[in-house]
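Asks: What follows is run_36.cif, mmCIF, C-alpha atoms and all ligand atoms.
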data_entry
#
loop_
_atom_site.label_atom_id
_atom_site.label_comp_id
_atom_site.auth_asym_id
_atom_site.auth_seq_id
_atom_site.Cartn_x
_atom_site.Cartn_y
_atom_site.Cartn_z
CA MET A 61 86.27 89.66 123.58
CA ILE A 62 85.01 93.00 124.86
CA THR A 63 84.12 95.56 122.17
CA VAL A 64 84.14 99.22 123.21
CA SER A 65 83.95 102.55 121.45
CA ASP A 66 84.15 104.76 124.52
CA VAL A 67 87.49 105.90 126.01
CA ARG A 68 86.35 105.80 129.65
CA GLU A 69 85.17 102.22 129.30
CA LEU A 70 88.38 101.28 127.46
CA ARG A 71 90.50 102.75 130.26
CA SER A 72 88.56 101.04 133.04
CA HIS A 73 89.45 97.63 131.52
CA VAL A 74 93.05 98.46 130.64
CA ASP A 75 93.76 100.08 134.04
CA ALA A 76 92.62 96.92 135.82
CA TRP A 77 94.68 94.69 133.50
CA ARG A 78 97.83 96.77 133.91
CA ARG A 79 97.69 96.38 137.69
CA GLY A 80 98.26 92.63 137.35
CA GLY A 81 100.19 92.31 134.07
CA ASN A 82 101.14 93.96 130.81
CA VAL A 83 99.09 95.02 127.81
CA ALA A 84 100.01 94.81 124.11
CA PHE A 85 98.27 96.94 121.50
CA VAL A 86 97.79 96.47 117.74
CA PRO A 87 96.36 99.53 115.95
CA THR A 88 94.63 98.77 112.63
CA MET A 89 92.29 100.32 110.10
CA GLY A 90 90.31 97.08 109.83
CA ASN A 91 89.72 94.93 106.74
CA LEU A 92 91.90 92.44 108.53
CA HIS A 93 93.98 89.75 106.83
CA ALA A 94 96.53 87.17 107.98
CA GLY A 95 99.16 89.90 108.35
CA HIS A 96 97.08 91.68 111.00
CA LEU A 97 96.35 88.36 112.69
CA SER A 98 100.08 87.64 112.90
CA LEU A 99 100.43 90.92 114.83
CA ALA A 100 97.66 89.85 117.22
CA GLN A 101 99.33 86.44 117.64
CA ALA A 102 102.71 88.04 118.37
CA ALA A 103 100.99 90.38 120.84
CA ARG A 104 99.46 87.35 122.56
CA GLN A 105 102.96 85.90 123.04
CA MET A 106 104.35 89.14 124.45
CA ALA A 107 101.69 90.25 126.90
CA ASP A 108 99.00 89.13 129.32
CA ARG A 109 96.29 91.15 127.56
CA VAL A 110 95.83 92.18 123.93
CA VAL A 111 93.95 95.25 122.70
CA VAL A 112 93.30 95.83 118.97
CA SER A 113 91.84 99.02 117.54
CA ILE A 114 89.95 99.50 114.30
CA PHE A 115 89.75 103.07 113.10
CA VAL A 116 89.92 104.25 109.49
CA ASN A 117 91.84 107.45 110.13
CA PRO A 118 90.70 110.29 107.85
CA LEU A 119 93.72 112.40 108.83
CA GLN A 120 96.19 110.11 107.04
CA PHE A 121 94.38 110.10 103.67
CA GLY A 122 95.11 112.87 101.18
CA VAL A 123 92.69 114.57 98.80
CA GLY A 124 91.68 112.13 96.05
CA GLU A 125 92.93 109.08 98.01
CA ASP A 126 90.79 106.09 98.96
CA PHE A 127 89.33 107.14 102.37
CA ASP A 128 85.69 106.90 101.21
CA ASN A 129 86.23 103.56 99.47
CA TYR A 130 88.58 102.03 102.04
CA PRO A 131 87.08 98.57 102.72
CA ARG A 132 85.13 98.49 105.99
CA THR A 133 84.39 94.92 107.14
CA PHE A 134 83.76 95.38 110.86
CA GLU A 135 81.71 92.25 111.67
CA HIS A 136 84.11 89.97 109.82
CA ASP A 137 87.10 91.65 111.50
CA ARG A 138 85.49 91.20 114.91
CA GLU A 139 85.01 87.47 114.35
CA MET A 140 88.63 87.09 113.22
CA LEU A 141 89.95 88.87 116.31
CA GLN A 142 87.73 86.80 118.57
CA GLY A 143 89.32 83.69 117.04
CA GLU A 144 92.79 85.01 118.01
CA GLY A 145 91.93 85.42 121.69
CA VAL A 146 92.09 89.24 121.60
CA ASP A 147 90.80 90.64 124.91
CA LEU A 148 89.43 93.97 123.75
CA LEU A 149 88.51 95.59 120.45
CA PHE A 150 88.46 99.39 120.54
CA SER A 151 86.60 100.98 117.64
CA PRO A 152 86.07 104.66 118.32
CA PRO A 153 83.78 106.73 116.11
CA VAL A 154 85.37 109.67 114.33
CA GLU A 155 83.72 112.19 116.74
CA ILE A 156 85.68 110.64 119.62
CA MET A 157 89.01 110.63 117.80
CA TYR A 158 88.53 114.07 116.26
CA PRO A 159 85.92 116.11 118.11
CA LYS A 160 87.24 119.34 116.58
CA PRO A 161 87.44 120.38 112.91
CA LYS A 162 90.67 119.28 111.20
CA ALA A 163 92.22 122.75 111.30
CA GLU A 164 91.78 122.94 115.09
CA GLN A 165 93.08 119.45 115.84
CA THR A 166 96.46 119.29 117.61
CA LYS A 167 98.82 117.32 115.37
CA VAL A 168 102.06 115.41 115.82
CA GLU A 169 104.79 115.94 113.27
CA VAL A 170 107.95 113.87 113.07
CA PRO A 171 110.16 116.01 110.82
CA GLY A 172 112.71 114.78 108.30
CA ILE A 173 111.81 111.15 107.98
CA SER A 174 108.11 111.98 107.34
CA GLY A 175 108.94 114.06 104.28
CA VAL A 176 110.66 111.46 102.08
CA LEU A 177 109.45 108.46 100.02
CA CYS A 178 105.78 107.82 100.94
CA GLY A 179 105.77 111.13 102.80
CA ALA A 180 106.85 112.98 99.66
CA SER A 181 104.22 111.25 97.51
CA ARG A 182 101.49 111.60 100.13
CA PRO A 183 101.95 115.01 101.80
CA GLY A 184 100.52 115.06 105.34
CA HIS A 185 100.19 111.28 105.49
CA PHE A 186 102.66 110.73 108.32
CA VAL A 187 101.32 113.67 110.33
CA GLY A 188 97.99 111.83 110.18
CA VAL A 189 99.60 108.54 111.19
CA ALA A 190 101.68 110.03 114.04
CA THR A 191 98.72 112.00 115.35
CA VAL A 192 96.32 109.06 115.43
CA VAL A 193 98.90 106.65 116.86
CA CYS A 194 99.88 109.17 119.57
CA LYS A 195 96.21 109.63 120.44
CA LEU A 196 95.52 105.88 120.44
CA PHE A 197 98.57 105.32 122.69
CA ASN A 198 97.21 107.94 125.11
CA MET A 199 93.79 106.33 125.08
CA VAL A 200 94.91 102.70 125.39
CA GLN A 201 98.10 103.28 127.42
CA PRO A 202 99.73 100.02 126.30
CA ASP A 203 103.08 98.66 127.47
CA ILE A 204 103.89 97.27 124.01
CA ALA A 205 102.65 98.26 120.54
CA LEU A 206 103.07 96.14 117.39
CA PHE A 207 103.31 97.29 113.78
CA GLY A 208 103.95 95.44 110.52
CA LYS A 209 107.32 95.90 108.83
CA LYS A 210 105.61 96.18 105.44
CA ASP A 211 105.07 99.82 106.40
CA PHE A 212 108.77 100.24 107.14
CA GLN A 213 108.76 104.04 107.00
CA GLN A 214 105.65 104.22 109.18
CA LEU A 215 107.38 102.04 111.77
CA MET A 216 110.38 104.40 111.74
CA VAL A 217 108.16 107.46 112.13
CA ILE A 218 106.43 105.86 115.11
CA ARG A 219 109.69 104.77 116.73
CA ARG A 220 111.04 108.30 116.35
CA MET A 221 107.86 109.83 117.81
CA VAL A 222 107.99 107.49 120.81
CA GLU A 223 111.65 108.31 121.41
CA ASP A 224 111.32 112.08 120.92
CA LEU A 225 108.20 112.40 123.10
CA ALA A 226 109.46 109.91 125.74
CA MET A 227 106.34 107.78 125.44
CA PRO A 228 106.43 104.77 127.79
CA VAL A 229 105.65 102.26 125.03
CA GLN A 230 107.89 99.54 123.57
CA VAL A 231 107.43 99.50 119.78
CA ARG A 232 107.91 96.14 118.05
CA GLY A 233 108.10 95.55 114.30
CA ILE A 234 106.70 92.26 112.99
CA ASP A 235 107.79 90.59 109.73
CA THR A 236 105.64 91.03 106.63
CA MET A 237 103.24 88.20 105.83
CA ARG A 238 103.23 87.21 102.18
CA GLU A 239 100.98 85.35 99.78
CA PRO A 240 102.51 82.13 98.38
CA ASP A 241 103.72 84.07 95.29
CA GLY A 242 105.50 86.62 97.48
CA LEU A 243 103.02 89.52 97.33
CA ALA A 244 102.98 91.32 100.69
CA MET A 245 99.57 91.02 102.35
CA SER A 246 97.71 94.31 102.34
CA SER A 247 94.13 95.49 102.58
CA ARG A 248 94.72 97.31 99.30
CA ASN A 249 95.41 94.04 97.42
CA GLY A 250 91.62 93.75 97.29
CA TYR A 251 91.61 96.60 94.74
CA LEU A 252 93.51 94.43 92.21
CA ASN A 253 91.59 92.75 89.39
CA GLU A 254 92.50 89.24 88.23
CA GLN A 255 95.08 90.38 85.70
CA GLU A 256 96.67 92.95 88.03
CA ARG A 257 96.91 90.29 90.73
CA THR A 258 99.13 88.18 88.43
CA ILE A 259 101.41 91.21 87.83
CA ALA A 260 101.66 92.36 91.45
CA PRO A 261 104.27 89.80 92.70
CA ALA A 262 106.82 91.48 90.38
CA LEU A 263 107.27 94.08 93.13
CA TYR A 264 108.68 91.59 95.64
CA ARG A 265 110.60 89.78 92.90
CA VAL A 266 112.59 92.89 91.92
CA LEU A 267 113.26 93.71 95.58
CA GLN A 268 114.60 90.19 96.10
CA ASN A 269 116.83 90.48 93.05
CA ILE A 270 118.29 93.74 94.36
CA GLY A 271 118.70 92.12 97.79
CA ASP A 272 120.66 89.24 96.23
CA ALA A 273 122.89 91.65 94.30
CA LEU A 274 123.60 93.70 97.43
CA GLN A 275 124.39 90.53 99.38
CA GLY A 276 126.78 89.60 96.59
CA GLY A 277 128.70 92.83 97.18
CA ASN A 278 127.20 94.97 94.38
CA ASP A 279 127.30 98.63 95.47
CA ASP A 280 125.98 100.19 92.27
CA TYR A 281 122.82 101.41 94.00
CA ALA A 282 121.76 103.72 91.17
CA GLY A 283 122.31 101.04 88.50
CA LEU A 284 120.40 98.41 90.48
CA THR A 285 117.39 100.62 91.17
CA MET A 286 117.28 101.99 87.63
CA ALA A 287 117.21 98.50 86.10
CA ALA A 288 114.59 97.30 88.59
CA THR A 289 112.37 100.33 87.99
CA LYS A 290 112.49 99.63 84.26
CA GLU A 291 111.58 95.98 84.90
CA LEU A 292 108.65 96.95 87.13
CA ASN A 293 107.29 99.44 84.62
CA GLN A 294 107.65 96.88 81.83
CA ALA A 295 105.70 94.38 83.96
CA GLY A 296 102.80 96.87 84.01
CA LEU A 297 103.32 98.67 87.32
CA GLN A 298 103.87 102.40 87.57
CA THR A 299 106.77 102.88 89.94
CA ASP A 300 106.42 105.74 92.42
CA TYR A 301 109.83 105.14 94.00
CA LEU A 302 112.32 102.31 94.26
CA VAL A 303 115.34 103.12 96.40
CA ILE A 304 118.12 101.61 98.48
CA ARG A 305 118.53 103.35 101.83
CA ARG A 306 120.38 102.99 105.09
CA ALA A 307 118.06 100.89 107.29
CA GLU A 308 118.81 102.95 110.37
CA ASP A 309 117.53 106.33 109.15
CA LEU A 310 116.51 106.05 105.46
CA VAL A 311 119.43 108.25 104.42
CA GLU A 312 121.15 107.49 101.08
CA PRO A 313 123.86 104.93 101.82
CA ALA A 314 127.55 105.14 101.12
CA ALA A 315 129.20 102.25 99.25
CA GLY A 316 129.88 99.31 101.55
CA GLU A 317 127.10 100.20 104.03
CA SER A 318 126.12 97.02 105.89
CA ARG A 319 122.50 97.57 107.05
CA LEU A 320 120.33 98.47 104.09
CA VAL A 321 116.68 98.48 103.18
CA VAL A 322 115.27 98.39 99.66
CA LEU A 323 111.92 100.17 99.54
CA ALA A 324 109.40 100.50 96.75
CA ALA A 325 105.96 101.92 96.05
CA ALA A 326 104.13 101.35 92.78
CA TYR A 327 100.69 101.92 91.37
CA LEU A 328 98.79 99.05 89.80
CA GLY A 329 95.24 99.85 88.72
CA ARG A 330 93.45 101.36 91.74
CA ALA A 331 96.05 100.04 94.19
CA ARG A 332 99.18 101.72 95.49
CA LEU A 333 101.40 98.84 96.61
CA ILE A 334 104.35 99.21 98.95
CA ASP A 335 106.96 96.68 100.00
CA ASN A 336 110.53 96.48 101.26
CA ILE A 337 113.29 94.09 102.15
CA GLU A 338 116.03 94.55 104.70
CA VAL A 339 119.57 93.51 103.80
CA GLN A 340 122.27 92.82 106.34
CA ARG A 341 125.70 92.20 104.84
O1 LIG B 401 99.10 100.79 109.36
C1 LIG B 401 97.93 101.13 109.57
O2 LIG B 401 96.98 100.36 109.42
C2 LIG B 401 97.65 102.57 110.00
O3 LIG B 401 98.52 103.45 109.39
C3 LIG B 401 97.64 102.75 111.53
C4 LIG B 401 99.00 102.47 112.13
C5 LIG B 401 96.60 101.83 112.15
C6 LIG B 401 97.28 104.18 111.87
O4 LIG B 401 96.02 104.53 111.39
#
Have the structure of the file written as structure tokens, please.
Ligand code: PAF

Replies:
Amino acid sequence: MITVSDVRELRSHVDAWRRGGNVAFVPTMGNLHAGHLSLAQAARQMADRVVVSIFVNPLQFGVGEDFDNYPRTFEHDREMLQGEGVDLLFSPPVEIMYPKPKAEQTKVEVPGISGVLCGASRPGHFVGVATVVCKLFNMVQPDIALFGKKDFQQLMVIRRMVEDLAMPVQVRGIDTMREPDGLAMSSRNGYLNEQERTIAPALYRVLQNIGDALQGGNDDYAGLTMAATKELNQAGLQTDYLVIRRAEDLVEPAAGESRLVVLAAAYLGRARLIDNIEVQR
């Protein structure tokens, strides 16, 4: 596996690879777990060459969030990616990604969808995500890019950006990897202490219960989410949001809507956990 931090060197490899085949790209912020590896494995199946990036993006963290403490485990990550047959690891320093001060940096904003749910709780977060992903796409120039469905809203923001800006990249969403007790894998699970870790699977459990009710024809969206929020808070989580939305555009659904997604974010100790389940009925 080639490791590069320089854009010219990155492009010289990718340009050569794209002449004879296609290239898949998995952007990450490092601290890799089995969820990230499943993206690299899917990328391997879809393309001749696989590029992974590791960059902890300051632009997507708000004031008081965990940018400084975000776990950085570069050597371990590199070994894991090597084991997955990744061709190139791109890990640019912050001066390459953002040579100018934040106020002078050109930014990408995907309106509407970026302002709700996680975007409402974390103002500016999705501008940071869209900007860094746009820039990484321009640097790597992949044919395919893979993102985890755990970050459902992020995936929608990226799909919308790619469509609106006519970027020549196919975006693929990959199913969430879960621990045996159902907890969605996340770098932030490492913030949980032993007791919090036993509480955390409640998040997926309540989503599943809502999913079952929706499948059974229950359309009382407000009643379902209110009861589940109460259950989560009683379990010891502090619910940020728990909603049922139309899967297509995250708009509030009408009764009888067939493609739904149940999304939740909740605080537990130092961690902000997010999860979702899609429901097709
Ligand atoms: O999902 C993530 O890890 C990040 O938001 C991403 C897509 C790598 C952008 O920094």

Asks: For A:Gly80, please output as an MDAnalysis selection string all residues within 12 Å (counting all atoms listed in the file; exclusion window: fewer than 3 positions along the same chain).

Replies: chainID A and resid 73:77 83 107:109

Asks: Show me which residues sit within 10 Å of ligand LIG 401 (chain B) when counting only C-alpha atoms and all ligand atoms, and put them as a ChimeraX atom specification.

Replies: /A:86-92,96,112-121,185-186,188-194,196,206-212,214-215,218,246-247

Asks: Which polymer residues have any atom within 10 Å of an atom of A:Val311, counting only C-alpha atoms, with same-chain residues fewer than 3 positions away left out, as a PyMOL selection string?

Replies: chain A and resi 173+176+304-308+314+320

Asks: Give me the residues near A:Leu302 as a list in words, where near means some atom within 7 Å (using all atoms listed in the file) and where sequence neighbours in that chain fewer than 4 positions away do not count.

Replies: Thr285, Thr289, Leu323, Ala324 and Ala325 of chain A

Asks: So, counting only C-alpha atoms, which residue among A:Gly250, A:Gly122, A:Pro202, A:Gly271 is closest to A:Arg341?

Replies: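 Distance minimum relative to A:Arg341 lands on A:Gly271.
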